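Below is start-v6.txt, which holds compact mmCIF, C-alpha atoms and all ligand atoms.
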```
# COMPACT_ATOMS: atom_id res chain seq x y z
CA MET A 1 71.61 87.55 80.82
CA LYS A 2 71.25 84.72 78.32
CA LYS A 3 71.16 81.23 79.81
CA ILE A 4 73.09 78.46 78.10
CA LEU A 5 72.70 74.84 79.10
CA VAL A 6 75.70 72.59 78.56
CA ILE A 7 74.87 68.87 78.42
CA GLU A 8 78.25 67.18 78.29
CA ASP A 9 79.58 64.20 80.24
CA GLU A 10 83.28 65.02 79.96
CA LYS A 11 83.70 66.97 83.18
CA ASP A 12 86.85 68.80 82.03
CA LEU A 13 85.20 69.99 78.83
CA SER A 14 82.00 70.91 80.64
CA ASP A 15 83.99 73.02 83.17
CA LEU A 16 85.96 74.67 80.39
CA LEU A 17 82.78 75.52 78.48
CA ALA A 18 81.09 76.91 81.60
CA PHE A 19 84.17 79.01 82.42
CA ASN A 20 84.35 80.49 78.92
CA LEU A 21 80.61 81.10 78.64
CA GLU A 22 80.55 82.96 81.96
CA LYS A 23 83.59 84.97 80.95
CA GLU A 24 81.60 86.06 77.86
CA GLY A 25 78.70 87.20 80.02
CA PHE A 26 76.39 84.20 79.68
CA ARG A 27 74.90 82.25 82.54
CA ALA A 28 76.04 78.63 82.19
CA LEU A 29 74.07 75.65 83.49
CA CYS A 30 75.72 72.22 83.33
CA ALA A 31 74.33 68.69 83.23
CA LEU A 32 76.58 65.64 83.04
CA THR A 33 74.03 63.03 81.95
CA GLY A 34 71.28 62.90 79.35
CA PRO A 35 68.27 62.54 81.67
CA GLU A 36 69.55 65.33 83.94
CA GLY A 37 70.09 67.57 80.90
CA LEU A 38 66.57 67.03 79.63
CA ALA A 39 65.12 67.76 83.09
CA VAL A 40 67.14 71.00 83.44
CA ALA A 41 66.14 72.07 79.91
CA GLN A 42 62.45 71.60 80.71
CA GLU A 43 62.69 73.43 84.01
CA GLU A 44 65.02 76.29 83.09
CA LEU A 45 64.04 76.86 79.43
CA PRO A 46 67.54 78.05 78.44
CA ASP A 47 68.17 80.39 75.49
CA LEU A 48 70.44 77.81 73.85
CA ILE A 49 71.61 74.26 74.51
CA LEU A 50 75.06 72.86 73.79
CA LEU A 51 74.36 69.18 73.47
CA ASP A 52 76.92 66.40 73.35
CA LEU A 53 75.96 63.54 71.06
CA MET A 54 77.34 60.62 73.11
CA LEU A 55 75.97 60.82 76.64
CA PRO A 56 75.35 58.31 79.41
CA GLY A 57 71.71 57.42 80.00
CA MET A 58 70.28 59.08 76.91
CA MET A 59 71.84 59.99 73.57
CA GLY A 60 72.00 63.62 72.48
CA THR A 61 69.80 62.74 69.53
CA GLU A 62 67.09 61.39 71.84
CA ILE A 63 67.23 64.54 73.97
CA CYS A 64 66.92 66.75 70.92
CA THR A 65 63.96 64.77 69.64
CA ALA A 66 62.30 64.99 73.06
CA LEU A 67 62.85 68.77 73.20
CA ARG A 68 61.32 69.22 69.75
CA ARG A 69 58.24 67.21 70.71
CA THR A 70 57.29 69.47 73.63
CA SER A 71 55.92 72.85 72.61
CA LYS A 72 57.61 74.90 75.36
CA THR A 73 61.06 73.56 74.45
CA ALA A 74 60.50 73.03 70.70
CA ALA A 75 62.02 76.35 69.62
CA ILE A 76 65.13 76.34 71.87
CA PRO A 77 68.18 76.41 69.57
CA VAL A 78 70.35 73.30 69.90
CA LEU A 79 74.01 73.23 68.91
CA MET A 80 75.31 69.66 68.81
CA LEU A 81 78.82 68.78 69.88
CA THR A 82 79.89 65.82 67.77
CA ALA A 83 83.03 63.83 67.15
CA ARG A 84 84.37 63.62 63.62
CA GLY A 85 82.71 60.84 61.69
CA GLU A 86 79.52 60.82 63.72
CA GLU A 87 76.29 60.94 61.80
CA ILE A 88 76.26 64.66 61.10
CA ASP A 89 73.62 64.54 58.37
CA ARG A 90 71.23 62.72 60.64
CA VAL A 91 71.91 65.07 63.53
CA VAL A 92 71.01 68.27 61.71
CA GLY A 93 68.53 66.44 59.51
CA PHE A 94 64.84 65.84 59.73
CA GLU A 95 65.04 63.06 62.27
CA VAL A 96 66.73 64.90 65.11
CA GLY A 97 66.34 68.60 64.45
CA ALA A 98 69.45 70.25 65.89
CA ASP A 99 70.04 73.79 64.59
CA ASP A 100 73.71 73.22 63.92
CA TYR A 101 76.69 71.16 64.98
CA ILE A 102 80.34 71.69 65.77
CA VAL A 103 82.95 68.96 65.49
CA LYS A 104 85.24 68.19 68.46
CA PRO A 105 87.88 69.33 69.07
CA PHE A 106 86.71 72.88 68.35
CA SER A 107 88.23 76.22 69.22
CA MET A 108 86.46 78.16 71.94
CA ARG A 109 86.51 81.21 69.67
CA GLU A 110 84.65 79.37 66.90
CA LEU A 111 82.12 77.98 69.35
CA LEU A 112 81.42 81.44 70.79
CA LEU A 113 80.98 82.86 67.26
CA ARG A 114 78.42 80.16 66.49
CA ILE A 115 76.60 80.74 69.77
CA ARG A 116 76.38 84.49 69.17
CA ALA A 117 75.17 83.95 65.59
CA ILE A 118 72.45 81.52 66.71
CA LEU A 119 71.29 83.78 69.55
CA ARG A 120 71.26 86.81 67.27
CA ARG A 121 68.99 85.18 64.76
CA SER A 122 66.69 83.57 67.32
CA SER A 123 66.02 86.99 68.87
CA GLN A 124 65.68 88.83 65.55
CA GLU A 125 62.17 89.80 64.63
CA PRO A 126 61.17 90.38 61.02
CA GLU A 127 60.60 94.09 60.37
CA THR A 128 57.06 93.81 59.13
CA ALA A 129 54.52 92.03 61.27
CA ALA A 130 52.08 90.54 58.86
CA THR A 131 50.97 87.29 57.34
CA LEU A 132 52.63 86.50 54.07
CA GLN A 133 50.54 84.34 51.76
CA VAL A 134 52.48 82.29 49.23
CA GLY A 135 50.32 79.76 47.42
CA PRO A 136 49.05 77.33 50.09
CA LEU A 137 51.54 78.75 52.62
CA ALA A 138 50.59 81.35 55.22
CA ILE A 139 53.63 82.73 57.04
CA ASP A 140 52.78 84.68 60.19
CA THR A 141 55.85 86.86 60.77
CA GLU A 142 54.64 88.11 64.14
CA ARG A 143 53.91 84.82 65.84
CA HIS A 144 56.44 82.85 63.79
CA GLN A 145 53.80 80.40 62.69
CA VAL A 146 53.28 78.70 59.39
CA GLN A 147 50.14 77.12 58.00
CA VAL A 148 49.72 74.98 54.94
CA ASP A 149 46.15 75.13 53.64
CA GLY A 150 45.07 76.35 57.06
CA GLU A 151 46.82 73.54 58.95
CA PRO A 152 49.56 74.66 61.36
CA VAL A 153 53.06 73.24 60.82
CA GLU A 154 55.58 73.20 63.68
CA LEU A 155 58.88 74.70 62.56
CA THR A 156 62.07 75.35 64.50
CA THR A 157 63.44 78.90 64.59
CA THR A 158 65.97 78.09 61.89
CA GLU A 159 63.42 76.44 59.61
CA PHE A 160 61.12 79.43 59.99
CA LYS A 161 63.92 81.91 59.20
CA LEU A 162 64.90 79.90 56.14
CA LEU A 163 61.36 79.75 54.79
CA PHE A 164 60.75 83.42 55.54
CA TYR A 165 64.00 84.45 53.87
CA LEU A 166 63.15 82.50 50.70
CA SER A 167 59.55 83.75 50.69
CA GLU A 168 60.71 87.37 50.78
CA ARG A 169 62.78 86.63 47.68
CA MET A 170 60.24 84.64 45.72
CA GLY A 171 61.50 83.14 42.47
CA ARG A 172 65.06 84.36 43.05
CA VAL A 173 67.79 81.79 43.57
CA GLN A 174 69.72 82.13 46.82
CA SER A 175 73.11 80.46 47.06
CA ARG A 176 73.92 78.09 49.92
CA GLU A 177 76.68 80.43 51.08
CA LEU A 178 74.33 83.41 51.12
CA LEU A 179 71.71 81.44 53.04
CA LEU A 180 74.35 80.44 55.57
CA GLN A 181 75.23 84.10 56.01
CA GLN A 182 71.74 85.52 56.05
CA VAL A 183 69.75 82.81 57.81
CA TRP A 184 72.41 81.32 60.07
CA GLY A 185 74.18 84.63 60.61
CA TYR A 186 77.64 83.27 59.83
CA ASN A 187 80.07 85.78 58.43
CA TYR A 188 82.50 83.18 57.17
CA VAL A 189 82.08 80.24 54.86
CA GLY A 190 80.87 77.31 56.92
CA ASP A 191 79.69 73.85 56.01
CA THR A 192 76.84 74.25 53.54
CA ARG A 193 75.57 70.73 54.29
CA THR A 194 73.66 72.33 57.17
CA VAL A 195 71.65 74.29 54.58
CA ASP A 196 70.85 71.16 52.56
CA THR A 197 69.68 69.13 55.54
CA HIS A 198 67.50 71.99 56.77
CA VAL A 199 65.91 72.36 53.33
CA THR A 200 65.18 68.62 53.28
CA ARG A 201 63.59 68.80 56.70
CA LEU A 202 61.58 71.89 55.82
CA ARG A 203 60.28 70.26 52.65
CA ASN A 204 59.22 67.19 54.60
CA LYS A 205 57.38 69.26 57.17
CA LEU A 206 55.54 71.30 54.53
CA GLY A 207 54.25 68.20 52.77
CA ALA A 208 53.03 68.88 49.22
CA ALA A 209 53.79 72.60 49.65
CA GLY A 210 57.43 71.61 50.19
CA GLU A 211 57.73 71.17 46.43
CA MET A 212 57.66 74.96 46.17
CA ILE A 213 61.25 74.98 47.42
CA LYS A 214 63.24 74.29 44.27
CA THR A 215 66.82 73.08 44.16
CA VAL A 216 69.03 74.86 41.68
CA ARG A 217 71.70 72.26 41.12
CA GLY A 218 75.18 73.22 42.23
CA PHE A 219 74.02 76.62 43.42
CA GLY A 220 71.24 76.94 45.93
CA TYR A 221 67.50 77.20 46.45
CA LYS A 222 64.49 79.31 45.56
CA LEU A 223 60.85 79.42 46.49
CA GLU A 224 58.42 79.31 43.61
CA ASP A 225 54.66 79.06 43.51
CA CA F 1 80.32 62.38 75.51
```
Please rewrite the model in this file as structure tokens.
Amino acid sequence: MKKILVIEDEKDLSDLLAFNLEKEGFRALCALTGPEGLAVAQEELPDLILLDLMLPGMMGTEICTALRRTSKTAAIPVLMLTARGEEIDRVVGFEVGADDYIVKPFSMRELLLRIRAILRRSSQEPETAATLQVGPLAIDTERHQVQVDGEPVELTTTEFKLLFYLSERMGRVQSRELLLQQVWGYNYVGDTRTVDTHVTRLRNKLGAAGEMIKTVRGFGYKLED
């Protein structure tokens, strides 16, 4: 049974989320404050975290940053719960590193679709277990590790999937919508800003090799040596 940690200080919403998650066959863990949420995440290592942005004691952004800094929690997918107008670009951007966000108020059905999509892709293994060499990039599809000129680079699950997807389609432009479908697993048109912020973050992490990810204006991205 997949474990989902809900870090949300609105008790009514937290209860509603837990109720719906359990009804869908997940095990729900709840934390009402930031510090408690971080402690539970480190102890329980959940399969996914629903993380409210505005929390007492510690902001959602700080929790996400802390999770990404520790290797055992670095790859746990984080879905941010934000209010409209909050700094969405920053949240899914390089600084914080959430995998995706959903704006309150959201429908439970949409939230569950997102959760299933994220869990599906974080448990998906590439079919061929091998190391793919693309210029200075070495992509280890078995251990989900990436090296640039022999130096390891820490990527989140989503960043890895995105890079791997582009590397398998070298030189071919992939639209934002297609990336959202194939990498994020969404089967509807979502907000393509998520794709842009992840590309920015991935480029930053790859350093000079990040320049291999080309923007095709108004369309999408491709990887080119
Ligand atoms: Ca809150």
Could you list the protein, DNA and RNA residues that have any atom within 8 Å of ligand CA 1 (chain F), counting all atoms listed in the file, and write them as a PyMOL selection string? chain A and resi 8-10+52-56
Have a look at A:Leu16, A:Met170, A:Leu180, A:Val195 and name the one nearest to Leu223 in chain A; count all atoms listed in the file. A:Met170
All residues 10 Å or closer to Phe219 in chain A, only C-alpha atoms, same chain fewer than 4 positions away omitted, as a PyMOL selection string: chain A and resi 173-177+215
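Restricting the calculation to all atoms listed in the file, the smallest distance between Glu24 in chain A and any of A:Arg109, A:Lys205, A:Arg84, A:Lys104 is found for A:Arg109.
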What is the CA of Asp100 in chain A-CA of Pro77 in chain A distance in Å, reported with one decimal?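 Pair CA of Asp100 in chain A / CA of Pro77 in chain A returns 8.5 Å.
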Which is closest to Val199 in chain A among A:Leu38, A:Gly97, A:Ala138, A:Ile115, if we use only C-alpha atoms?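 Looking at the shortest contact to Val199 in chain A, the residue is A:Gly97.
For the set A:Glu36, A:Glu154, A:Glu168, A:Glu110, the residue with the smallest atom-to-atom gap to Lys222 in chain A is A:Glu168, counting only C-alpha atoms.
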Residues around (83.7, 85.1, 69.6), cut-off 12 Å, counting only C-alpha atoms - what are they as a list in words? Asn20, Leu21, Lys23, Glu24, Gly25, Ser107, Met108, Arg109, Glu110, Leu111, Leu112, Leu113, Arg114, Ile115, Arg116, Ala117, Tyr186 and Asn187 of chain A
Restrict the selected residues to C-alpha atoms and save them as a tab-separated table (two decimals), keeping the file's coordinate frame.
```
chain	number	residue	atom	x	y	z
A	20	ASN	CA	84.35	80.49	78.92
A	21	LEU	CA	80.61	81.10	78.64
A	23	LYS	CA	83.59	84.97	80.95
A	24	GLU	CA	81.60	86.06	77.86
A	25	GLY	CA	78.70	87.20	80.02
A	107	SER	CA	88.23	76.22	69.22
A	108	MET	CA	86.46	78.16	71.94
A	109	ARG	CA	86.51	81.21	69.67
A	110	GLU	CA	84.65	79.37	66.90
A	111	LEU	CA	82.12	77.98	69.35
A	112	LEU	CA	81.42	81.44	70.79
A	113	LEU	CA	80.98	82.86	67.26
A	114	ARG	CA	78.42	80.16	66.49
A	115	ILE	CA	76.60	80.74	69.77
A	116	ARG	CA	76.38	84.49	69.17
A	117	ALA	CA	75.17	83.95	65.59
A	186	TYR	CA	77.64	83.27	59.83
A	187	ASN	CA	80.07	85.78	58.43
```
So which residues touch Gly135 in chain A within 10 Å, counting only C-alpha atoms, skipping near sequence neighbours fewer than 4 positions away, as a ChimeraX atom specification? /A:148-149,209,212,224-225
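With distances taken over all atoms listed in the file, A:Gly37 is the one residue among A:Glu43, A:Lys3, A:Gly37, A:Thr73 lying closest to Met59 in chain A.
Of note, CA of Ile49 in chain A and CA of Val183 in chain A are spaced 18.9 Å apart.
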With distances taken over all atoms listed in the file, which of A:Pro136, A:Pro35, A:Gly57, A:Ser71 is nearest to Glu211 in chain A?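 When distances to Glu211 in chain A are compared using all atoms listed in the file, the smallest one comes from A:Pro136.
Between CA of Leu50 in chain A and CA of Tyr101 in chain A the separation is 9.1 Å.
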Excluding same-chain residues fewer than 3 positions from Ala75 in chain A, what lies within 9 Å of it counting only C-alpha atoms, as a PyMOL selection string? chain A and resi 67-68+71-72+78+122+155-158
Residue selection dump (C-alpha atoms) as an mmCIF file, in the coordinates of the input:
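Below is the file that was written, again24.cif:
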```cif
data_model
loop_
_atom_site.group_PDB
_atom_site.id
_atom_site.type_symbol
_atom_site.label_atom_id
_atom_site.label_comp_id
_atom_site.auth_asym_id
_atom_site.auth_seq_id
_atom_site.Cartn_x
_atom_site.Cartn_y
_atom_site.Cartn_z
ATOM 1 C CA LEU A 67 62.850 68.770 73.200
ATOM 2 C CA ARG A 68 61.320 69.220 69.750
ATOM 3 C CA SER A 71 55.920 72.850 72.610
ATOM 4 C CA LYS A 72 57.610 74.900 75.360
ATOM 5 C CA VAL A 78 70.350 73.300 69.900
ATOM 6 C CA SER A 122 66.690 83.570 67.320
ATOM 7 C CA LEU A 155 58.880 74.700 62.560
ATOM 8 C CA THR A 156 62.070 75.350 64.500
ATOM 9 C CA THR A 157 63.440 78.900 64.590
ATOM 10 C CA THR A 158 65.970 78.090 61.890
#
```
Got a sec: who's within 9 Å of Ala130 in chain A, counting all atoms listed in the file, leaving out chain neighbours fewer than 3 positions off, as a PyMOL selection string? chain A and resi 139-142
For Asp196 in chain A, work out the shell of residues within 9 Å, counting all atoms listed in the file and skipping chain neighbours fewer than 3 positions away, then give it as a VMD selection string. chain A and resid 93 176 192 to 193 199 to 201 220
Could the residues in this selection be saved with C-alpha atoms as an mmCIF file, keeping the file's coordinate frame?
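New file again.cif:
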```
data_model
loop_
_atom_site.group_PDB
_atom_site.id
_atom_site.type_symbol
_atom_site.label_atom_id
_atom_site.label_comp_id
_atom_site.auth_asym_id
_atom_site.auth_seq_id
_atom_site.Cartn_x
_atom_site.Cartn_y
_atom_site.Cartn_z
ATOM 1 C CA GLY A 93 68.530 66.440 59.510
ATOM 2 C CA ARG A 176 73.920 78.090 49.920
ATOM 3 C CA THR A 192 76.840 74.250 53.540
ATOM 4 C CA ARG A 193 75.570 70.730 54.290
ATOM 5 C CA VAL A 199 65.910 72.360 53.330
ATOM 6 C CA THR A 200 65.180 68.620 53.280
ATOM 7 C CA ARG A 201 63.590 68.800 56.700
ATOM 8 C CA GLY A 220 71.240 76.940 45.930
#
```
